[in-house]
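Trainee: One file is attached below, target_6.cif, containing mmCIF, C-alpha atoms.
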```cif
data_my_file
loop_
_atom_site.label_atom_id
_atom_site.label_comp_id
_atom_site.auth_asym_id
_atom_site.auth_seq_id
_atom_site.Cartn_x
_atom_site.Cartn_y
_atom_site.Cartn_z
CA MET D 1 -64.84 -140.43 153.47
CA PRO D 2 -64.94 -140.89 149.70
CA ASP D 3 -64.58 -144.37 148.31
CA ASP D 4 -63.01 -145.55 145.04
CA TRP D 5 -66.16 -144.77 143.03
CA ASP D 6 -66.22 -141.16 144.20
CA SER D 7 -62.49 -140.62 143.62
CA SER D 8 -62.56 -142.23 140.18
CA LEU D 9 -65.50 -140.17 139.03
CA LYS D 10 -63.88 -136.95 140.23
CA LEU D 11 -60.90 -137.77 138.00
CA LEU D 12 -63.14 -138.52 135.01
CA VAL D 13 -65.04 -135.26 135.38
CA LYS D 14 -61.80 -133.33 135.80
CA GLU D 15 -60.63 -134.65 132.39
CA ARG D 16 -63.79 -133.57 130.51
CA PRO D 17 -65.62 -130.94 132.59
CA GLN D 18 -67.47 -129.56 129.54
CA ASP D 19 -69.10 -132.94 128.91
CA TYR D 20 -70.39 -133.25 132.45
CA THR D 21 -71.56 -129.66 132.76
CA ALA D 22 -73.37 -130.02 129.41
CA TRP D 23 -75.10 -133.16 130.73
CA PHE D 24 -76.05 -131.58 134.06
CA ILE D 25 -76.89 -128.09 132.77
CA PRO D 26 -77.98 -128.24 129.13
CA GLY D 27 -76.63 -125.28 127.20
CA ALA D 28 -73.87 -124.49 129.69
CA LYS D 29 -70.35 -123.86 128.39
CA TYR D 30 -67.44 -124.74 130.68
CA LYS D 31 -65.20 -121.76 131.39
CA ARG D 32 -62.84 -122.84 134.18
CA THR D 33 -62.39 -124.95 137.28
CA VAL D 34 -62.69 -123.07 140.56
CA SER D 35 -61.50 -124.16 143.97
CA PRO D 36 -63.96 -126.52 145.65
CA HIS D 37 -62.58 -125.45 149.06
CA LEU D 38 -65.23 -123.28 150.65
CA PRO D 39 -64.09 -120.99 153.49
CA GLY D 40 -65.44 -121.29 156.99
CA ARG D 41 -65.44 -124.64 158.66
CA LYS D 42 -63.62 -127.30 156.63
CA LEU D 43 -65.90 -127.81 153.67
CA ASP D 44 -64.80 -129.09 150.28
CA ALA D 45 -67.22 -129.71 147.45
CA ASP D 46 -66.39 -132.58 145.09
CA SER D 47 -66.25 -130.42 141.94
CA LEU D 48 -66.93 -126.78 141.20
CA TYR D 49 -66.83 -125.24 137.73
CA GLU D 50 -67.56 -121.84 136.33
CA VAL D 51 -69.83 -122.13 133.30
CA ILE D 52 -71.59 -119.65 131.06
CA LEU D 53 -75.32 -120.19 130.77
CA ASP D 54 -77.33 -117.84 128.56
CA GLY D 55 -74.54 -115.25 128.83
CA GLU D 56 -74.43 -115.42 132.64
CA SER D 57 -71.53 -116.66 134.76
CA VAL D 58 -72.85 -119.52 136.93
CA LEU D 59 -71.15 -122.17 139.02
CA CYS D 60 -71.83 -125.87 138.50
CA HIS D 61 -71.44 -127.73 141.80
CA ILE D 62 -71.21 -131.53 141.55
CA GLU D 63 -71.32 -134.02 144.40
CA PHE D 64 -70.80 -137.76 143.95
CA GLN D 65 -72.43 -140.05 146.44
CA SER D 66 -71.91 -143.79 146.75
CA TYR D 67 -72.92 -144.37 150.36
CA ARG D 68 -75.92 -143.51 152.49
CA ASP D 69 -75.77 -140.12 154.17
CA PRO D 70 -78.96 -139.06 155.96
CA ASN D 71 -77.77 -135.42 155.92
CA MET D 72 -76.94 -135.26 152.20
CA ALA D 73 -79.70 -132.79 151.23
CA LYS D 74 -78.63 -130.44 154.02
CA ARG D 75 -74.99 -130.79 152.95
CA MET D 76 -75.96 -129.89 149.37
CA TRP D 77 -77.69 -126.77 150.67
CA GLU D 78 -74.63 -125.84 152.71
CA TYR D 79 -72.22 -126.33 149.79
CA ASN D 80 -74.51 -124.27 147.58
CA THR D 81 -74.95 -121.36 149.99
CA ARG D 82 -71.24 -121.21 150.82
CA ALA D 83 -70.23 -121.26 147.14
CA THR D 84 -72.87 -118.64 146.32
CA GLN D 85 -71.57 -116.34 149.06
CA TYR D 86 -67.88 -116.91 148.36
CA TYR D 87 -68.01 -116.58 144.56
CA ASN D 88 -70.95 -114.13 144.50
CA ARG D 89 -72.81 -115.85 141.69
CA PRO D 90 -75.62 -118.38 141.23
CA VAL D 91 -74.74 -122.01 141.85
CA VAL D 92 -76.49 -124.96 140.22
CA SER D 93 -75.98 -128.05 142.39
CA VAL D 94 -76.10 -131.63 141.10
CA LEU D 95 -76.01 -134.76 143.25
CA LEU D 96 -74.97 -137.87 141.33
CA TYR D 97 -75.70 -141.13 143.12
CA LEU D 98 -73.38 -143.87 141.94
CA LYS D 99 -74.88 -146.86 143.75
CA LYS D 100 -78.48 -147.78 144.40
CA GLY D 101 -79.42 -147.49 148.03
CA ARG D 102 -82.09 -146.52 150.49
CA ASN D 103 -82.80 -143.02 151.76
CA ILE D 104 -81.66 -141.17 148.67
CA ALA D 105 -81.68 -137.39 149.17
CA GLU D 106 -84.46 -135.71 147.25
CA SER D 107 -84.94 -132.15 146.11
CA PRO D 108 -86.06 -129.75 147.39
CA TYR D 109 -84.38 -129.53 150.76
CA VAL D 110 -86.84 -127.70 153.03
CA TRP D 111 -86.11 -126.38 156.50
CA LYS D 112 -89.15 -125.47 158.56
CA LEU D 113 -89.91 -124.24 162.03
CA ARG D 114 -91.87 -126.58 164.30
CA ASN D 115 -94.99 -124.56 163.53
CA GLY D 116 -94.59 -125.41 159.82
CA LYS D 117 -93.34 -122.00 158.67
CA GLU D 118 -90.85 -122.56 155.86
CA ILE D 119 -87.46 -120.89 156.37
CA HIS D 120 -85.38 -122.34 153.50
CA ARG D 121 -86.24 -124.14 150.26
CA PHE D 122 -83.32 -125.30 148.15
CA GLN D 123 -83.62 -126.94 144.74
CA PHE D 124 -80.91 -129.27 143.44
CA THR D 125 -80.72 -131.92 140.75
CA VAL D 126 -80.53 -135.59 141.74
CA ILE D 127 -79.26 -138.12 139.20
CA LYS D 128 -79.50 -141.79 140.07
CA LEU D 129 -76.95 -143.46 137.83
CA TRP D 130 -78.75 -146.81 137.89
CA GLU D 131 -81.84 -145.16 136.36
CA GLU D 132 -79.94 -143.70 133.40
CA LYS D 133 -80.06 -145.51 130.08
CA ALA D 134 -76.84 -146.19 128.20
CA GLU D 135 -78.52 -145.23 124.91
CA THR D 136 -79.46 -141.82 126.32
CA LEU D 137 -75.88 -141.05 127.35
CA GLN D 138 -74.54 -142.31 124.02
CA ARG D 139 -76.98 -140.09 122.10
CA LEU D 140 -75.64 -137.01 123.88
CA GLY D 141 -72.36 -137.57 122.01
CA LEU D 142 -70.26 -136.50 125.00
CA VAL D 143 -67.07 -138.56 124.99
CA GLY D 144 -66.40 -137.85 128.67
CA LEU D 145 -69.57 -139.74 129.64
CA LEU D 146 -68.56 -142.96 127.88
CA PRO D 147 -66.60 -144.30 130.91
CA LEU D 148 -69.93 -144.32 132.79
CA LEU D 149 -71.43 -146.94 130.48
CA PRO D 150 -69.94 -149.93 132.35
CA CYS D 151 -71.20 -148.36 135.59
CA LEU D 152 -74.70 -148.26 134.14
CA LEU D 153 -74.50 -151.97 133.42
CA TYR D 154 -73.07 -152.68 136.87
CA THR D 155 -75.70 -150.62 138.71
CA SER D 156 -78.66 -151.59 136.51
CA PRO D 157 -81.06 -154.29 137.64
CA SER D 158 -80.04 -157.77 136.55
CA PRO D 159 -82.05 -159.42 133.76
CA ARG D 160 -83.71 -161.60 136.40
CA ASP D 161 -84.71 -158.50 138.43
CA ARG D 162 -86.11 -156.88 135.27
CA GLN D 163 -88.31 -159.93 134.64
CA LYS D 164 -89.80 -159.61 138.14
CA SER D 165 -90.99 -156.04 137.52
#
```
Once you've parsed the file, please lay out its structure as structure tokens.
Mentor:
Amino acid sequence: MPDDWDSSLKLLVKERPQDYTAWFIPGAKYKRTVSPHLPGRKLDADSLYEVILDGESVLCHIEFQSYRDPNMAKRMWEYNTRATQYYNRPVVSVLLYLKKGRNIAESPYVWKLRNGKEIHRFQFTVIKLWEEKAETLQRLGLVGLLPLLPCLLYTSPSPRDRQKS
């Protein structure tokens, strides 16, 4: 179940989808919002946008994560494959972690047989908000990212923690 962080960020992205897609997929131009409801079993992605990248129609799939989910990489793969099949176009998936935690999903997601034979390999982007620098986001000049700046301060290590490292 999404918490306040997830819900708030979904609203922010919805207001300025071009800014977020430009951050996640450099060079992409937002075209339109598409339904994040993916047919089959109940499966709703957080955000799904059609963008144009190098003249090609691509989907930008965004998931916000603020709590530990040991199956997150597999869920990303499932969202991606369902969106790819349903919309019949490539999907770039981005996982944005809002809070620092253990067991962060990492890319690629690999599914293997017991004998080691690889069956699936899925690449997705992982952004850990606490590792982003405010100056970097400011330099991008994307107004829609500015509401994240207080989050960066909140999720960054405290000055005392920085002295320890």
Trainee: Calculated over all atoms listed in the file, which of the candidates D:Lys29, D:Lys14, D:Arg75, D:Arg121 has the smallest distance to D:Ile52?
Mentor: D:Lys29
Trainee: So how many Å separate atom CA of D:Ser57 and atom CA of D:Pro147, to one decimal?
Mentor: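 If I compute the distance from atom CA of D:Ser57 to atom CA of D:Pro147, I get 28.3 Å.
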Trainee: For D:Cys151, which residue among D:Lys74, D:Arg89, D:His61, D:Lys133 is the nearest when counting only C-alpha atoms?
Mentor: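 Closest candidate: D:Lys133.
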Trainee: Looking at all atoms listed in the file, which of D:Leu148, D:Ala28, D:Leu9, D:Ala134 is the one that sits closest to D:Glu56?
Mentor: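 Ranking D:Leu148, D:Ala28, D:Leu9, D:Ala134 by distance to D:Glu56, first place goes to D:Ala28.
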Trainee: For D:Thr84, find every residue with an atom within 10 Å (counting only C-alpha atoms), except residues of its own chain fewer than 5 positions away, and show them as number ranges by chain.
Mentor: D: 38, 58-59, 78-79, 89-92
Trainee: Restricting it to C-alpha atoms, dump the selection as a JSON list (two decimals), in the coordinates of the input.
Mentor:
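File produced: result14.json:
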```
[["chain", "number", "residue", "atom", "x", "y", "z"],
["D", 38, "LEU", "CA", -65.23, -123.28, 150.65],
["D", 58, "VAL", "CA", -72.85, -119.52, 136.93],
["D", 59, "LEU", "CA", -71.15, -122.17, 139.02],
["D", 78, "GLU", "CA", -74.63, -125.84, 152.71],
["D", 79, "TYR", "CA", -72.22, -126.33, 149.79],
["D", 89, "ARG", "CA", -72.81, -115.85, 141.69],
["D", 90, "PRO", "CA", -75.62, -118.38, 141.23],
["D", 91, "VAL", "CA", -74.74, -122.01, 141.85],
["D", 92, "VAL", "CA", -76.49, -124.96, 140.22]]
```
Trainee: If you measure from atom CA of D:Phe122 to atom CA of D:Ala73, what distance in Å do you get, rounded to one decimal?
Mentor: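 According to the coordinates, atom CA of D:Phe122 and atom CA of D:Ala73 are separated by 8.9 Å.
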Trainee: Calculated over all atoms listed in the file, which of the candidates D:Tyr97, D:Phe24, D:Tyr86, D:Trp111 has the smallest distance to D:Arg68?
Mentor: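 Selected residue with least distance to D:Arg68: D:Tyr97.
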Trainee: For atom CA of D:Tyr109 and atom CA of D:Asp19, determine how far apart the two atoms are, in Å to one decimal place.
Mentor: 26.9 Å
Trainee: Check which residues satisfy the PyMOL selection byres ((chain D and resi 105) around 7) in the file shown, then give them as number ranges by chain.
Mentor: D: 72-73, 103-104, 106-107
Trainee: Out of D:Val13, D:Thr136, D:Glu50, D:Leu43, which residue has the shortest atom-to-atom distance to D:Tyr87 when counting all atoms listed in the file?
Mentor: D:Glu50
Trainee: I need the output of the PyMOL selection byres ((chain D and resi 149) around 12) for this file as a list in words; which residues are they?
Mentor: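 In the shown coordinates, the PyMOL selection byres ((chain D and resi 149) around 12) covers Leu129, Trp130, Glu132, Lys133, Ala134, Glu135, Thr136, Leu137, Gln138, Leu142, Val143, Gly144, Leu145, Leu146, Pro147, Leu148, Pro150, Cys151, Leu152, Leu153, Tyr154, Thr155 and Ser156 of chain D.
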Trainee: Given the PyMOL selection byres ((chain D and resi 44) around 12) and the file above, list the residues it selects as a list in words.
Mentor: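 Output from the PyMOL selection byres ((chain D and resi 44) around 12), applied to this file: Met1, Pro2, Val34, Ser35, Pro36, His37, Leu38, Pro39, Gly40, Arg41, Lys42, Leu43, Ala45, Asp46, Ser47, Leu48, His61, Ile62, Glu63, Arg75, Met76, Glu78, Tyr79, Asn80, Arg82 and Ala83 of chain D.
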Trainee: Ranking D:Glu131, D:Asp69, D:Glu15, D:Asp54 by minimum distance to D:Thr33 and counting only C-alpha atoms, which one comes first?
Mentor: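 Among D:Glu131, D:Asp69, D:Glu15, D:Asp54, it is D:Glu15 that comes nearest to D:Thr33.
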